[in-house]
Amino acid sequence: MKIRLLILSIAVFIGACSLTAAETPSLSVIDPNPEPQASTDPKPESTPDLTVPQPQPEPQASSEPEPAPVPEAKPGGRNEAISSYDDVKAFMAEMVKKGIDSKTLQNTFDKTRFDYKIIYLMNRPAEKARSWTWYYDAMVSKTRVGNGSLYLTEHKTALNKISTEYKVPANVIAAILGIETNYGKYVIKQTAVQGLATLAFEYPRRASYFRGELEQLFIQAKANGLDPLFYKGSYAGAIGLPQFMPSSMANYAKDGDGDGKVDIVTTHADAIASIANYLRMHGWRDGRHTVALVTPTKTLAANQFVKNICATKGKRTVKQLRELGVPLPEQYKDDEKAFLGKLDEDVDKGTYQVAVFFENACPIYRYNYSLKYVAAVALLAESYE
Ligand SMILES: [Ca+2]
């Protein structure tokens, strides 16, 4: 199982490997999506339903980062350095007007080629969602729990300081990092520019969105005195340890180590502060609960469940949930607000897992619009020693 996951994840990730019919990967969490994660604004119509994150590979033996792979040429595609194409040149001219240095733009696009595998991944129909059991086993694996406990020790100083400042628990921040990039052990090789440029210029359906993100990446790079190619990202441009889209970086990323730069690619303290700030800005409040898995004592109708746990519709009190036949331990107070959600769609078989999502579940949902993701983050956070 582990080996298969590893194969799947490696294939998924940024197209480091070529895709084969036998191992066609699922799309990973690190993608934009209908409701992009960490912050891209939700786009209802967009891409296939990619809301279920796929696990990242378990950490591998200390591997030196390798050079970013050069994408395979596509017959009939635009396979040269992208600075040679008129639409890219026009974009560069616009960016110069917005204050980005022309040499920086030229250098960046001279070194970038479109990766058509990304278009293939974006156009694949959504595959059937994995079961909650499968997802839980992958996301809250023993290895990931163990690595998280080590991470909490290793980054204790930054985590404690930032956790106190933002009033967001260290274990929740670590759990998000654990699921996004295996606590940074997953080394991303591809530049964010490559993914963003491919989607900005070769994916008409969402070109304007990705063009905006590409623009923001240059702005962020300039603001932080960094080379745009420094930013490593998923095939859809989600950057660094916490997998923020550039617009999220602009709005929520923070300098956690106080060196005056926001670097969420290599600086853990910055990634930690950025996640903490993101959760805080999306409504995380001290003392509220996140998620509880429950076994209802009565059959619940389909319309008792909600999909959007940040909405007003479907919000209930714990007292009302108890009256519905949802048992919750005493630690949950009658007047706490919560939603009822199910973690599997297979209601017919009656095997689905029910979860209660409390008010601190919403900020995690804003990070990645998937109930499974929210539950996995909450449960992983509770599993550390
Ligand atoms: Ca910093």
# chains A, B, ... in the order shown; residues from 1 in each chain; ligands from 1
$ residues_near_ligand --ligand "ligand 1" --cutoff "6 Å" --atoms "only C-alpha atoms and all ligand atoms" --output "PDB file with N, CA and C atoms, in the first residue's frame"
ATOM      1  N   ASP A 255       6.369  37.275   7.646  1.00  0.00           N
ATOM      2  CA  ASP A 255       7.778  37.051   7.944  1.00  0.00           C
ATOM      3  C   ASP A 255       7.886  36.537   9.382  1.00  0.00           C
ATOM      4  N   GLY A 256       8.057  35.253   9.531  1.00  0.00           N
ATOM      5  CA  GLY A 256       8.048  34.664  10.880  1.00  0.00           C
ATOM      6  C   GLY A 256       9.369  34.756  11.614  1.00  0.00           C
ATOM      7  N   ASP A 257      10.485  34.837  10.880  1.00  0.00           N
ATOM      8  CA  ASP A 257      11.775  34.870  11.570  1.00  0.00           C
ATOM      9  C   ASP A 257      12.353  36.278  11.658  1.00  0.00           C
ATOM     10  N   GLY A 258      11.596  37.260  11.140  1.00  0.00           N
ATOM     11  CA  GLY A 258      12.006  38.649  11.312  1.00  0.00           C
ATOM     12  C   GLY A 258      13.218  39.095  10.526  1.00  0.00           C
ATOM     13  N   ASP A 259      13.526  38.408   9.419  1.00  0.00           N
ATOM     14  CA  ASP A 259      14.673  38.858   8.626  1.00  0.00           C
ATOM     15  C   ASP A 259      14.260  39.864   7.547  1.00  0.00           C
ATOM     16  N   GLY A 260      13.005  40.265   7.583  1.00  0.00           N
ATOM     17  CA  GLY A 260      12.545  41.277   6.641  1.00  0.00           C
ATOM     18  C   GLY A 260      12.064  40.718   5.315  1.00  0.00           C
ATOM     19  N   LYS A 261      12.209  39.405   5.108  1.00  0.00           N
ATOM     20  CA  LYS A 261      11.736  38.790   3.873  1.00  0.00           C
ATOM     21  C   LYS A 261      10.677  37.740   4.190  1.00  0.00           C
ATOM     22  N   VAL A 262       9.731  37.612   3.291  1.00  0.00           N
ATOM     23  CA  VAL A 262       8.758  36.535   3.449  1.00  0.00           C
ATOM     24  C   VAL A 262       9.177  35.424   2.498  1.00  0.00           C
ATOM     25  N   ASP A 263       9.667  34.348   3.057  1.00  0.00           N
ATOM     26  CA  ASP A 263      10.127  33.213   2.243  1.00  0.00           C
ATOM     27  C   ASP A 263       9.423  31.944   2.716  1.00  0.00           C
ATOM     28  N   ASP A 270       8.684  31.321   8.518  1.00  0.00           N
ATOM     29  CA  ASP A 270       7.807  32.120   7.656  1.00  0.00           C
ATOM     30  C   ASP A 270       6.574  31.315   7.238  1.00  0.00           C
TER      31      ASP A 270
END
$ residues_around --residues "Ser163 of chain A" --least-positions-apart "5" --cutoff "10 Å" --atoms "only C-alpha atoms" --output "list in words"
Thr157, Ala158, Val168, Pro169, Ala170, Asn171, Val172, Ile173, Ile272, Ala273, Ala276 and Asn277 of chain A
$ write_last_selection --atoms "C-alpha atoms" --output "compact mmCIF listing (two decimals), in the first residue's frame"
# COMPACT_ATOMS: atom_id res chain seq x y z
CA THR A 157 10.83 27.88 19.36
CA ALA A 158 9.24 29.29 16.21
CA VAL A 168 -3.46 29.37 16.72
CA PRO A 169 -2.25 26.04 18.13
CA ALA A 170 1.13 24.73 16.98
CA ASN A 171 -0.22 21.25 16.35
CA VAL A 172 -2.80 22.50 13.85
CA ILE A 173 -0.15 24.49 11.97
CA ILE A 272 4.46 28.68 10.13
CA ALA A 273 3.57 32.35 10.59
CA ALA A 276 -1.15 30.87 11.49
CA ASN A 277 -2.08 34.21 9.98
$ residues_around --residues "Thr104 of chain A" --least-positions-apart "3" --cutoff "12 Å" --atoms "only C-alpha atoms" --output "MDAnalysis selection string"
chainID A and resid 83 92 95:96 99:101 107:111 218:219 221:222 225:229
$ write_last_selection --atoms "N, CA and C atoms" --output "mmCIF file, in the first residue's frame"
data_model
loop_
_atom_site.group_PDB
_atom_site.id
_atom_site.type_symbol
_atom_site.label_atom_id
_atom_site.label_comp_id
_atom_site.auth_asym_id
_atom_site.auth_seq_id
_atom_site.Cartn_x
_atom_site.Cartn_y
_atom_site.Cartn_z
ATOM 1 N N SER A 83 9.791 33.025 -23.623
ATOM 2 C CA SER A 83 10.043 34.440 -23.918
ATOM 3 C C SER A 83 9.981 34.716 -25.423
ATOM 4 N N MET A 92 5.002 40.534 -20.755
ATOM 5 C CA MET A 92 6.221 41.126 -20.205
ATOM 6 C C MET A 92 6.157 42.652 -20.298
ATOM 7 N N MET A 95 3.957 43.971 -17.669
ATOM 8 C CA MET A 95 4.577 43.886 -16.339
ATOM 9 C C MET A 95 5.641 44.968 -16.142
ATOM 10 N N VAL A 96 6.327 45.310 -17.212
ATOM 11 C CA VAL A 96 7.316 46.391 -17.117
ATOM 12 C C VAL A 96 6.599 47.684 -16.728
ATOM 13 N N GLY A 99 6.056 48.061 -13.201
ATOM 14 C CA GLY A 99 7.222 48.237 -12.335
ATOM 15 C C GLY A 99 8.126 47.040 -12.168
ATOM 16 N N ILE A 100 7.895 45.988 -12.956
ATOM 17 C CA ILE A 100 8.791 44.832 -12.859
ATOM 18 C C ILE A 100 9.934 45.012 -13.865
ATOM 19 N N ASP A 101 11.123 44.724 -13.394
ATOM 20 C CA ASP A 101 12.325 44.906 -14.198
ATOM 21 C C ASP A 101 12.309 44.004 -15.447
ATOM 22 N N ASN A 107 14.904 37.052 -18.159
ATOM 23 C CA ASN A 107 15.638 35.911 -17.603
ATOM 24 C C ASN A 107 14.696 34.793 -17.163
ATOM 25 N N THR A 108 13.599 35.183 -16.523
ATOM 26 C CA THR A 108 12.648 34.189 -16.014
ATOM 27 C C THR A 108 12.021 33.405 -17.167
ATOM 28 N N PHE A 109 11.577 34.117 -18.177
ATOM 29 C CA PHE A 109 10.876 33.433 -19.266
ATOM 30 C C PHE A 109 11.831 32.771 -20.264
ATOM 31 N N ASP A 110 13.092 33.245 -20.302
ATOM 32 C CA ASP A 110 14.095 32.525 -21.102
ATOM 33 C C ASP A 110 14.311 31.124 -20.539
ATOM 34 N N LYS A 111 14.143 31.015 -19.234
ATOM 35 C CA LYS A 111 14.424 29.726 -18.578
ATOM 36 C C LYS A 111 13.165 28.895 -18.349
ATOM 37 N N PHE A 218 5.404 37.781 -9.631
ATOM 38 C CA PHE A 218 6.489 38.742 -9.910
ATOM 39 C C PHE A 218 6.476 39.881 -8.886
ATOM 40 N N ILE A 219 5.294 40.322 -8.517
ATOM 41 C CA ILE A 219 5.182 41.413 -7.542
ATOM 42 C C ILE A 219 5.736 40.976 -6.180
ATOM 43 N N ALA A 221 7.890 38.541 -5.628
ATOM 44 C CA ALA A 221 9.335 38.319 -5.736
ATOM 45 C C ALA A 221 10.072 39.648 -5.586
ATOM 46 N N LYS A 222 9.557 40.668 -6.248
ATOM 47 C CA LYS A 222 10.195 41.986 -6.164
ATOM 48 C C LYS A 222 10.133 42.523 -4.732
ATOM 49 N N GLY A 225 12.713 40.851 -2.671
ATOM 50 C CA GLY A 225 14.075 40.782 -3.176
ATOM 51 C C GLY A 225 14.489 39.383 -3.592
ATOM 52 N N LEU A 226 13.546 38.620 -4.123
ATOM 53 C CA LEU A 226 13.854 37.245 -4.511
ATOM 54 C C LEU A 226 13.695 37.064 -6.020
ATOM 55 N N ASP A 227 14.453 36.127 -6.553
ATOM 56 C CA ASP A 227 14.338 35.766 -7.959
ATOM 57 C C ASP A 227 12.989 35.043 -8.144
ATOM 58 N N PRO A 228 12.199 35.411 -9.136
ATOM 59 C CA PRO A 228 10.914 34.713 -9.327
ATOM 60 C C PRO A 228 11.082 33.201 -9.455
ATOM 61 N N LEU A 229 12.234 32.785 -9.989
ATOM 62 C CA LEU A 229 12.460 31.344 -10.154
ATOM 63 C C LEU A 229 12.797 30.652 -8.833
#
$ closest_residue --among "A:Pro71, A:Gly341, A:Gly178, A:Pro242" --to "Val354 of chain A" --atoms "only C-alpha atoms"
A:Gly341
$ closest_atom_pairs --of "segment 70-177 of chain A" --to "segment 377-381 of chain A" --cutoff "8 Å" --atoms "only C-alpha atoms" --output "tab-separated table"
residue	atom	partner	partner_atom	distance
A:Met139	CA	A:Leu380	CA	7.6
A:Val140	CA	A:Leu380	CA	5.4
A:Val145	CA	A:Leu380	CA	6.6
A:Asn171	CA	A:Ala381	CA	4.9
A:Val172	CA	A:Ala381	CA	5.1
A:Ala174	CA	A:Ala381	CA	7.2
A:Ala175	CA	A:Ala381	CA	5.2
A:Ile176	CA	A:Val377	CA	6.0
$ write_last_selection --atoms "C-alpha atoms" --output "tab-separated table (two decimals), in the first residue's frame"
chain	number	residue	atom	x	y	z
A	139	MET	CA	-3.06	11.35	5.73
A	140	VAL	CA	-2.87	10.29	9.35
A	145	VAL	CA	2.20	11.37	12.92
A	171	ASN	CA	-0.22	21.25	16.35
A	172	VAL	CA	-2.80	22.50	13.85
A	174	ALA	CA	2.10	21.42	11.92
A	175	ALA	CA	-0.75	19.22	10.67
A	176	ILE	CA	-1.38	21.49	7.70
$ atom_distance --atom1 "atom CA of Gly314 of chain A" --atom2 "atom CA of Arg285 of chain A"
20.5 Å
$ residues_around --residues "Leu241 of chain A" --least-positions-apart "2" --cutoff "10 Å" --atoms "only C-alpha atoms" --output "list in words"
Ile176, Leu177, Gly178, Glu180, Thr181, Asn182, Tyr183, Gly184, Lys185, Tyr186, Val187, Ile188, Lys232, Gly233, Ala238, Ile239, Gln243, Phe244, Asp263, Ile264, Val265, Thr266, Thr267, His268, Asp270, Ala271, Ile272 and Ile275 of chain A
$ write_last_selection --atoms "N, CA and C atoms" --output "compact mmCIF listing (two decimals), in the first residue's frame"
# COMPACT_ATOMS: atom_id res chain seq x y z
N ILE A 176 -1.20 20.98 9.07
CA ILE A 176 -1.38 21.49 7.70
C ILE A 176 -0.08 21.32 6.90
N LEU A 177 1.04 21.67 7.52
CA LEU A 177 2.32 21.46 6.84
C LEU A 177 2.55 19.98 6.54
N GLY A 178 2.11 19.14 7.46
CA GLY A 178 2.30 17.70 7.29
C GLY A 178 1.54 17.16 6.10
N GLU A 180 0.24 19.09 3.54
CA GLU A 180 0.59 19.79 2.30
C GLU A 180 1.90 19.29 1.69
N THR A 181 2.95 19.26 2.50
CA THR A 181 4.26 18.93 1.93
C THR A 181 5.09 18.01 2.83
N ASN A 182 4.38 17.21 3.63
CA ASN A 182 5.10 16.31 4.53
C ASN A 182 6.13 17.09 5.36
N TYR A 183 5.68 18.16 5.95
CA TYR A 183 6.52 19.00 6.82
C TYR A 183 7.73 19.55 6.06
N GLY A 184 7.55 19.75 4.77
CA GLY A 184 8.65 20.28 3.97
C GLY A 184 9.64 19.23 3.51
N LYS A 185 9.38 17.97 3.85
CA LYS A 185 10.30 16.92 3.41
C LYS A 185 10.10 16.62 1.93
N TYR A 186 8.94 16.95 1.43
CA TYR A 186 8.72 16.75 0.00
C TYR A 186 9.37 17.91 -0.73
N VAL A 187 10.39 17.61 -1.46
CA VAL A 187 11.12 18.67 -2.15
C VAL A 187 10.49 18.94 -3.51
N ILE A 188 9.95 20.12 -3.66
CA ILE A 188 9.33 20.50 -4.93
C ILE A 188 10.42 21.04 -5.86
N LYS A 232 9.34 27.65 -5.75
CA LYS A 232 9.01 26.32 -6.27
C LYS A 232 7.55 26.06 -5.96
N GLY A 233 6.89 25.41 -6.90
CA GLY A 233 5.47 25.23 -6.68
C GLY A 233 4.89 24.00 -7.34
N ALA A 238 0.89 26.53 -6.66
CA ALA A 238 0.81 26.69 -5.20
C ALA A 238 2.22 26.56 -4.65
N ILE A 239 2.61 27.56 -3.89
CA ILE A 239 4.02 27.73 -3.56
C ILE A 239 4.47 27.25 -2.18
N GLN A 243 2.06 25.74 0.55
CA GLN A 243 1.29 25.68 -0.69
C GLN A 243 0.28 26.83 -0.83
N PHE A 244 0.80 28.01 -0.79
CA PHE A 244 -0.02 29.21 -1.00
C PHE A 244 0.02 29.60 -2.48
N ASP A 263 9.67 34.35 3.06
CA ASP A 263 10.13 33.21 2.24
C ASP A 263 9.42 31.94 2.72
N ILE A 264 8.37 31.58 2.01
CA ILE A 264 7.64 30.37 2.43
C ILE A 264 8.15 29.12 1.71
N VAL A 265 9.24 29.30 0.96
CA VAL A 265 9.80 28.14 0.24
C VAL A 265 10.81 27.40 1.11
N THR A 266 11.69 28.15 1.77
CA THR A 266 12.74 27.48 2.54
C THR A 266 12.75 27.83 4.04
N THR A 267 12.02 28.87 4.43
CA THR A 267 12.07 29.29 5.84
C THR A 267 10.84 28.79 6.60
N HIS A 268 11.07 27.82 7.47
CA HIS A 268 9.94 27.24 8.20
C HIS A 268 9.19 28.27 9.05
N ASP A 270 8.68 31.32 8.52
CA ASP A 270 7.81 32.12 7.66
C ASP A 270 6.57 31.31 7.24
N ALA A 271 6.79 30.05 6.93
CA ALA A 271 5.66 29.20 6.55
C ALA A 271 4.71 29.04 7.73
N ILE A 272 5.27 28.86 8.92
CA ILE A 272 4.46 28.68 10.13
C ILE A 272 3.63 29.94 10.41
N ILE A 275 0.77 30.32 7.80
CA ILE A 275 -0.38 29.45 8.05
C ILE A 275 -1.18 29.98 9.24
$ atom_distance --atom1 "atom CA of Glu165 of chain A" --atom2 "atom CA of Ala223 of chain A"
24.0 Å
$ residues_around --residues "segment 298-305 of chain A" --least-positions-apart "3" --cutoff "8 Å" --atoms "only C-alpha atoms" --output "list of chain:residue names"
A:Gly314, A:Leu324, A:Gly325, A:Val326, A:Phe339, A:Leu340, A:Gly341, A:Lys342
$ atom_distance --atom1 "atom CA of Pro125 of chain A" --atom2 "atom CA of Arg211 of chain A"
23.2 Å
$ select_by_dssp --residues "segment 36-265 of chain A" --states "alpha helix (DSSP H)" --output "number ranges by chain"
A: 86-97, 102-110, 116-123, 132-139, 142-154, 156-166, 170-181, 192-202, 207-223, 246-252
$ decode --residues "segment 267-328 of chain A" --atoms "C-alpha atoms" --output "mmCIF file, in the first residue's frame"
data_model
loop_
_atom_site.group_PDB
_atom_site.id
_atom_site.type_symbol
_atom_site.label_atom_id
_atom_site.label_comp_id
_atom_site.auth_asym_id
_atom_site.auth_seq_id
_atom_site.Cartn_x
_atom_site.Cartn_y
_atom_site.Cartn_z
ATOM 1 C CA THR A 267 12.070 29.293 5.836
ATOM 2 C CA HIS A 268 9.937 27.243 8.199
ATOM 3 C CA ALA A 269 9.258 30.144 10.562
ATOM 4 C CA ASP A 270 7.807 32.120 7.656
ATOM 5 C CA ALA A 271 5.659 29.196 6.549
ATOM 6 C CA ILE A 272 4.464 28.677 10.132
ATOM 7 C CA ALA A 273 3.566 32.353 10.589
ATOM 8 C CA SER A 274 1.828 32.415 7.219
ATOM 9 C CA ILE A 275 -0.381 29.453 8.049
ATOM 10 C CA ALA A 276 -1.149 30.870 11.494
ATOM 11 C CA ASN A 277 -2.075 34.211 9.980
ATOM 12 C CA TYR A 278 -4.181 32.546 7.300
ATOM 13 C CA LEU A 279 -6.196 30.603 9.865
ATOM 14 C CA ARG A 280 -6.547 33.594 12.154
ATOM 15 C CA MET A 281 -7.712 35.856 9.327
ATOM 16 C CA HIS A 282 -10.263 33.243 8.328
ATOM 17 C CA GLY A 283 -11.833 33.091 11.732
ATOM 18 C CA TRP A 284 -9.771 30.810 13.967
ATOM 19 C CA ARG A 285 -10.594 31.650 17.580
ATOM 20 C CA ASP A 286 -9.109 30.332 20.766
ATOM 21 C CA GLY A 287 -10.968 27.643 22.552
ATOM 22 C CA ARG A 288 -13.338 26.575 19.828
ATOM 23 C CA HIS A 289 -13.461 22.984 18.701
ATOM 24 C CA THR A 290 -12.661 21.705 15.219
ATOM 25 C CA VAL A 291 -13.980 18.278 14.328
ATOM 26 C CA ALA A 292 -15.436 15.237 16.069
ATOM 27 C CA LEU A 293 -16.153 11.906 14.384
ATOM 28 C CA VAL A 294 -19.496 10.568 15.544
ATOM 29 C CA THR A 295 -21.768 7.578 15.175
ATOM 30 C CA PRO A 296 -25.372 8.766 15.057
ATOM 31 C CA THR A 297 -27.891 6.712 16.967
ATOM 32 C CA LYS A 298 -30.619 7.392 14.404
ATOM 33 C CA THR A 299 -30.715 7.368 10.650
ATOM 34 C CA LEU A 300 -30.119 10.861 9.361
ATOM 35 C CA ALA A 301 -31.691 12.175 6.192
ATOM 36 C CA ALA A 302 -29.425 13.385 3.413
ATOM 37 C CA ASN A 303 -30.623 16.951 3.897
ATOM 38 C CA GLN A 304 -29.291 16.992 7.462
ATOM 39 C CA PHE A 305 -25.756 17.197 6.096
ATOM 40 C CA VAL A 306 -24.022 20.248 4.726
ATOM 41 C CA LYS A 307 -21.124 20.561 2.318
ATOM 42 C CA ASN A 308 -20.135 24.112 3.139
ATOM 43 C CA ILE A 309 -19.109 24.325 6.771
ATOM 44 C CA CYS A 310 -18.513 28.071 6.593
ATOM 45 C CA ALA A 311 -22.080 28.855 5.611
ATOM 46 C CA THR A 312 -24.980 29.997 7.717
ATOM 47 C CA LYS A 313 -27.303 27.416 6.292
ATOM 48 C CA GLY A 314 -27.258 24.191 8.226
ATOM 49 C CA LYS A 315 -25.584 25.612 11.304
ATOM 50 C CA ARG A 316 -26.918 24.056 14.463
ATOM 51 C CA THR A 317 -26.225 24.026 18.159
ATOM 52 C CA VAL A 318 -24.740 21.019 19.882
ATOM 53 C CA LYS A 319 -28.040 20.698 21.727
ATOM 54 C CA GLN A 320 -29.929 20.407 18.430
ATOM 55 C CA LEU A 321 -27.428 17.855 17.153
ATOM 56 C CA ARG A 322 -27.882 15.760 20.268
ATOM 57 C CA GLU A 323 -31.627 15.878 19.768
ATOM 58 C CA LEU A 324 -31.115 14.625 16.215
ATOM 59 C CA GLY A 325 -29.359 11.554 17.548
ATOM 60 C CA VAL A 326 -25.772 12.696 17.262
ATOM 61 C CA PRO A 327 -23.978 11.763 20.462
ATOM 62 C CA LEU A 328 -21.279 14.164 21.581
#
